[in-house]
Amino acid sequence: MKKIHSLSRIALDAAIIGAGFMNAYAADETIRELAKERGRFIGTILNSEWFNDAIEPEFEEIHKTQFNVVVAENEMKFDATEPKEDEFNFEKGDKMVKYAQANGLRVRGHALAWHSQVANWVNNYKGQKEKLLAVLKNHITKVVGHWKGQIAEWDVVNEAVNDDYNADWRSTNSVWYEGIGAEFLDSAFVWAHAADPDAELCYNDYSLEWGLREGSKASFVVEQVKRWKANNIPITCVGTQTHIEIAHETTPQNVRALAKALAELNVTLNITELDIGFPKGSAGNLTKADYAKQGHLYRQFMDVFLEEPNMGEFVIWGLTDAHSWLDDQQGKTEGLLYDKQYKPKPAYDSVMASLKAHPASEVKSPYPDSILNPPDSCKTGNCGDSINALPRFNNKQNLSVHFAGRTLYITGLASKTAAKVDIFDMQGHLVFSAKDVKDNIEISSIPEGLYVVQIRQGVTRLTKQIAIK
Ligand code: G3I
């Protein structure tokens, strides 16, 4: 185990050792403080080594001092949280949530419905739609429910789009898609929202930083978000993972374009897994100019992040180059803000420079004050119901619907004027439509399942998920 360094010692070392990185910022000036003043969240993962008490003490000291949002590298994934059917293991996740609460960090939950890192037992049900729906619903309900009020935001669906030139859903090597079809995505959002109505719910994917050309992953996702919003599927954010390389110079502006497209849909864009790696072969031969270039790219991402009002979180997939998936799994290296000795790199200075160049008075936050400055009770995870409720999901209309048997009853219609009733399946296809509906209507033609009903009467409308049984 390494010798413990205090933060100020690290900064001092960085300034003294000429051959190392020169850190321009005082140790008492942190990314965290500047992020908070700007109503934003900047953070990194807690590596699996942290959960296993197998990481240098510098890691946690820097982590909690410099950052204000945290995510688990592997410990909230399906295989970690439900290793056996309906037997949940929340131990490591609880450890992180406790750490976050003790240090005032926002928590991202990663990830609920993903084709990778699914527990092996799920494969016993390959192709069995009803069973897989039940498995996924149970998983999401229990995992999100366990941390209700304590996890601000979930990656509800991760990496569900394929890598084809003309993007579409990932249809192979996904137990969820192959067994259920694309409706698993819609249902996952509905179940997550039911389990914690105050949590932000994201669709998260890689290669979204490659622009909005026709057929791209990013434009496919924007189209799906449009459909989800039209059907009142409770998505509030998109995560762009953004695992890039030093040569990918156009990516910051592509992320800006994506943020703008999502702003039109009232959806937040978060950078969720940023790293900017060098080719692994270049290790040992990197020059000051290389590190400066890396810093420049980090700065451009931070500029975009601070300038786009619908961006909320900036999460880097690792803190130190000593612990990064890039070396083990990607043929890349040194993509993070701190080097292998925990010294801040030029990229750290670039992030600070960007923050300082964007005064708090000019940076808009997508979050309400209840999230930016939660009451003390909330900091210990006791938020109470709806303290963070997202206003965009408040139904301020008087209309309501309910089912009795197969009859849909509508209450709150203005006088006795007729309304239009449309029912969509979870893929957005219209499956039922009726005009001139007064108080109720018989729905006998639709099979059992989850649907979205839309009632329209003049300018008044209500959109709601319903289960037809
Ligand atoms: O837990 C086992 C351990 O028991 C075993 O001894 C060891 C031997 O290699 O493996 C351990 O599992 C590893 C796990 O990380 C925990 O350390 C897996 O082999 C390894 O494949 C896994 O890699 C993770 C990867 O996701 C898997 O998909 C990385 O740490 C993690 O950084 C990475 O994170 C993903 C995001 O979730 C989604 N976006 C891409 C990102 C990078 O791949």
# chains A, B, ... in the order shown; residues from 1 in each chain; ligands from 1

call {"tool": "residues_around", "arguments": {"residues": "stretch 149-163 of chain A", "least_positions_apart": "4", "cutoff": "7 Å", "atoms": "only C-alpha atoms", "output": "PyMOL selection string"}}
result
chain A and resi 106-114+167-170+185+188-189+199-206+217+381-383

call {"tool": "write_last_selection", "arguments": {"atoms": "C-alpha atoms", "output": "PDB file, in the first residue's frame"}}
result
ATOM      1  CA  ARG A 106     -25.089  13.159  -5.584  1.00  0.00           C
ATOM      2  CA  VAL A 107     -25.474   9.496  -6.592  1.00  0.00           C
ATOM      3  CA  ARG A 108     -26.019   8.123 -10.095  1.00  0.00           C
ATOM      4  CA  GLY A 109     -27.304   4.559 -10.328  1.00  0.00           C
ATOM      5  CA  HIS A 110     -25.765   2.460 -13.112  1.00  0.00           C
ATOM      6  CA  ALA A 111     -27.375   0.418 -14.718  1.00  0.00           C
ATOM      7  CA  LEU A 112     -30.772  -1.329 -14.647  1.00  0.00           C
ATOM      8  CA  ALA A 113     -31.524  -2.843 -18.071  1.00  0.00           C
ATOM      9  CA  TRP A 114     -28.341  -3.668 -19.966  1.00  0.00           C
ATOM     10  CA  ALA A 167     -28.671   2.601 -36.112  1.00  0.00           C
ATOM     11  CA  ASP A 168     -31.460   0.470 -34.723  1.00  0.00           C
ATOM     12  CA  TRP A 169     -32.061  -1.470 -31.511  1.00  0.00           C
ATOM     13  CA  ARG A 170     -29.383  -3.996 -30.579  1.00  0.00           C
ATOM     14  CA  LEU A 185     -37.082  -0.249 -22.833  1.00  0.00           C
ATOM     15  CA  ALA A 188     -38.157  -0.304 -17.810  1.00  0.00           C
ATOM     16  CA  PHE A 189     -38.734   3.447 -17.603  1.00  0.00           C
ATOM     17  CA  ALA A 199     -35.513   9.950  -9.578  1.00  0.00           C
ATOM     18  CA  GLU A 200     -34.236  11.242 -12.890  1.00  0.00           C
ATOM     19  CA  LEU A 201     -34.290   8.481 -15.475  1.00  0.00           C
ATOM     20  CA  CYS A 202     -31.734   8.278 -18.293  1.00  0.00           C
ATOM     21  CA  TYR A 203     -31.113   6.405 -21.495  1.00  0.00           C
ATOM     22  CA  ASN A 204     -27.297   5.923 -21.595  1.00  0.00           C
ATOM     23  CA  ASP A 205     -25.112   4.880 -24.534  1.00  0.00           C
ATOM     24  CA  TYR A 206     -21.701   5.157 -26.187  1.00  0.00           C
ATOM     25  CA  LYS A 217     -26.801   6.426 -33.008  1.00  0.00           C
ATOM     26  CA  GLY A 381     -31.346   9.794   2.568  1.00  0.00           C
ATOM     27  CA  ASN A 382     -34.637  10.677   4.221  1.00  0.00           C
ATOM     28  CA  CYS A 383     -36.049  12.872   1.509  1.00  0.00           C
TER      29      CYS A 383
END

call {"tool": "select_by_dssp", "arguments": {"residues": "stretch 70-308 of chain A", "states": "strand (DSSP E)", "output": "number ranges by chain"}}
result
A: 70-72, 106-114, 153-158, 200-205, 237-240, 243-245, 268-279

call {"tool": "residues_around", "arguments": {"residues": "stretch 35-47 of chain A", "least_positions_apart": "4", "cutoff": "6 Å", "atoms": "only C-alpha atoms", "output": "list in words"}}
result
Ile31, Phe67, Asn68, Val69, Val70, Val71, Ala72, Glu73, Gly312, Glu313, Phe314, Val315, Ile316, Trp317, Gly318, Leu319, Ala360, Val363 and Ser365 of chain A

call {"tool": "residues_near_ligand", "arguments": {"ligand": "ligand 1", "cutoff": "7 Å", "atoms": "only C-alpha atoms and all ligand atoms", "output": "MDAnalysis selection string"}}
result
chainID A and resid 48 73:74 116:117 206 241 273 325

call {"tool": "residues_around", "arguments": {"residues": "A:Ala418", "least_positions_apart": "5", "cutoff": "9 Å", "atoms": "only C-alpha atoms", "output": "PDB file with C-alpha atoms, in the first residue's frame"}}
result
ATOM      1  CA  LEU A 413     -64.225  16.465 -18.631  1.00  0.00           C
ATOM      2  CA  LYS A 435     -64.028  10.234 -30.938  1.00  0.00           C
ATOM      3  CA  ASP A 436     -67.002  11.670 -29.110  1.00  0.00           C
ATOM      4  CA  VAL A 437     -66.381   9.819 -25.889  1.00  0.00           C
ATOM      5  CA  LYS A 438     -68.510  11.165 -23.032  1.00  0.00           C
ATOM      6  CA  ASP A 439     -67.835   9.539 -19.651  1.00  0.00           C
ATOM      7  CA  GLN A 457     -60.745  17.647 -25.117  1.00  0.00           C
TER       8      GLN A 457
END

call {"tool": "atom_distance", "arguments": {"atom1": "atom CA of A:Arg406", "atom2": "atom CA of A:Gln128"}}
result
26.7 Å

call {"tool": "residues_around", "arguments": {"residues": "A:Asp79", "least_positions_apart": "4", "cutoff": "9 Å", "atoms": "only C-alpha atoms", "output": "ChimeraX atom specification"}}
result
/A:74-75,83-84,117-120

call {"tool": "residues_around", "arguments": {"residues": "A:Tyr298", "least_positions_apart": "5", "cutoff": "12 Å", "atoms": "only C-alpha atoms", "output": "compact mmCIF listing (two decimals) with N, CA and C atoms, in the first residue's frame"}}
result
# COMPACT_ATOMS: atom_id res chain seq x y z
N THR A 242 -19.24 8.79 -23.90
CA THR A 242 -18.12 9.59 -24.37
C THR A 242 -16.75 9.00 -23.99
N HIS A 243 -16.53 7.77 -24.38
CA HIS A 243 -15.20 7.17 -24.28
C HIS A 243 -14.46 7.49 -25.57
N ILE A 244 -13.58 8.46 -25.54
CA ILE A 244 -12.98 8.89 -26.81
C ILE A 244 -11.46 8.80 -26.76
N GLU A 245 -10.88 9.16 -27.88
CA GLU A 245 -9.41 9.16 -27.99
C GLU A 245 -8.95 10.57 -28.32
N ILE A 246 -7.68 10.74 -28.13
CA ILE A 246 -7.08 12.06 -28.28
C ILE A 246 -7.31 12.65 -29.69
N HIS A 248 -10.00 12.47 -31.45
CA HIS A 248 -11.41 12.72 -31.77
C HIS A 248 -11.80 14.18 -31.52
N GLU A 249 -11.28 15.04 -32.36
CA GLU A 249 -11.37 16.48 -32.08
C GLU A 249 -12.75 17.08 -32.29
N THR A 251 -15.59 15.78 -31.39
CA THR A 251 -16.63 15.26 -30.51
C THR A 251 -17.25 16.30 -29.55
N PRO A 252 -16.49 17.25 -29.01
CA PRO A 252 -17.17 18.20 -28.10
C PRO A 252 -18.31 18.96 -28.80
N ILE A 271 -22.94 14.00 -19.47
CA ILE A 271 -21.75 13.25 -19.88
C ILE A 271 -21.52 12.25 -18.75
N LEU A 274 -16.91 9.89 -19.34
CA LEU A 274 -15.84 10.46 -20.17
C LEU A 274 -14.46 9.91 -19.84
N ASP A 275 -13.72 9.54 -20.87
CA ASP A 275 -12.27 9.39 -20.77
C ASP A 275 -11.70 9.72 -22.14
N ILE A 276 -10.50 10.26 -22.14
CA ILE A 276 -9.87 10.70 -23.39
C ILE A 276 -8.50 10.03 -23.44
N GLY A 277 -8.47 8.84 -24.03
CA GLY A 277 -7.27 8.00 -23.94
C GLY A 277 -6.27 8.24 -25.06
N TYR A 291 -0.04 15.86 -23.54
CA TYR A 291 -0.90 16.08 -22.37
C TYR A 291 -1.66 17.40 -22.48
N ALA A 292 -1.02 18.38 -23.11
CA ALA A 292 -1.71 19.66 -23.30
C ALA A 292 -2.90 19.48 -24.25
N LYS A 293 -2.71 18.64 -25.25
CA LYS A 293 -3.79 18.40 -26.21
C LYS A 293 -4.95 17.68 -25.51
N ASP A 303 -16.34 23.28 -21.47
CA ASP A 303 -16.96 24.51 -22.01
C ASP A 303 -18.39 24.22 -22.49
N VAL A 304 -18.51 23.16 -23.28
CA VAL A 304 -19.83 22.80 -23.81
C VAL A 304 -20.79 22.52 -22.65
N PHE A 305 -20.31 21.74 -21.70
CA PHE A 305 -21.12 21.35 -20.54
C PHE A 305 -21.66 22.60 -19.81
N PHE A 314 -21.34 15.84 -15.29
CA PHE A 314 -20.12 15.60 -16.08
C PHE A 314 -19.35 14.55 -15.30
N VAL A 315 -19.44 13.30 -15.75
CA VAL A 315 -18.82 12.20 -14.97
C VAL A 315 -17.70 11.56 -15.79
N ILE A 316 -16.56 11.44 -15.15
CA ILE A 316 -15.38 10.84 -15.79
C ILE A 316 -15.27 9.40 -15.33
N GLY A 335 -6.20 8.17 -19.73
CA GLY A 335 -7.30 9.01 -20.20
C GLY A 335 -7.95 9.91 -19.16
N LEU A 336 -7.38 9.96 -17.95
CA LEU A 336 -8.11 10.60 -16.84
C LEU A 336 -7.44 11.89 -16.35
N LEU A 337 -7.96 12.47 -15.27
CA LEU A 337 -7.45 13.77 -14.80
C LEU A 337 -6.21 13.66 -13.93
N LYS A 345 -3.10 16.21 -13.72
CA LYS A 345 -2.46 16.40 -15.01
C LYS A 345 -2.89 17.74 -15.61
N PRO A 346 -2.31 18.14 -16.72
CA PRO A 346 -2.78 19.36 -17.38
C PRO A 346 -4.29 19.34 -17.64
N ALA A 347 -4.85 18.15 -17.83
CA ALA A 347 -6.30 18.05 -18.04
C ALA A 347 -7.07 18.58 -16.83
N TYR A 348 -6.52 18.37 -15.64
CA TYR A 348 -7.17 18.90 -14.43
C TYR A 348 -7.18 20.43 -14.49
N ASP A 349 -6.04 21.00 -14.82
CA ASP A 349 -5.96 22.46 -14.92
C ASP A 349 -6.92 22.99 -15.98
N SER A 350 -7.07 22.26 -17.06
CA SER A 350 -7.96 22.71 -18.13
C SER A 350 -9.41 22.73 -17.66
N VAL A 351 -9.79 21.71 -16.89
CA VAL A 351 -11.15 21.68 -16.36
C VAL A 351 -11.37 22.88 -15.43
N MET A 352 -10.38 23.14 -14.57
CA MET A 352 -10.48 24.29 -13.67
C MET A 352 -10.54 25.60 -14.46
N ALA A 353 -9.73 25.69 -15.50
CA ALA A 353 -9.70 26.93 -16.29
C ALA A 353 -11.06 27.17 -16.94
N SER A 354 -11.66 26.11 -17.42
CA SER A 354 -12.99 26.27 -18.04
C SER A 354 -14.01 26.73 -17.01
N LEU A 355 -13.98 26.10 -15.83
CA LEU A 355 -14.92 26.50 -14.78
C LEU A 355 -14.77 27.98 -14.45

call {"tool": "residues_around", "arguments": {"residues": "A:Asn310", "least_positions_apart": "6", "cutoff": "10 Å", "atoms": "only C-alpha atoms", "output": "list in words"}}
result
Cys237, Ala259, Lys260, Leu262, Ala263, Glu264, Asn266, Val267, Thr268, Leu269, Asn270, Lys364, Ser365, Pro366 and Tyr367 of chain A

call {"tool": "select_by_dssp", "arguments": {"residues": "stretch 294-349 of chain A", "states": "alpha helix (DSSP H)", "output": "VMD selection string"}}
result
chain A and resid 294 to 307 325 346 to 349

call {"tool": "closest_residue", "arguments": {"among": "A:Phe90, A:Asp369, A:Gln66, A:Ile55", "to": "A:Glu33", "atoms": "only C-alpha atoms"}}
result
A:Gln66

call {"tool": "atom_distance", "arguments": {"atom1": "atom CA of A:Leu265", "atom2": "atom CA of A:Gln300"}}
result
24.2 Å

call {"tool": "closest_residue", "arguments": {"among": "A:Gly104, A:Gly211, A:Asn173, A:Met96", "to": "A:Gly127", "atoms": "only C-alpha atoms"}}
result
A:Asn173

call {"tool": "atom_distance", "arguments": {"atom1": "atom CA of A:Gly281", "atom2": "atom CA of A:Leu326"}}
result
12.4 Å
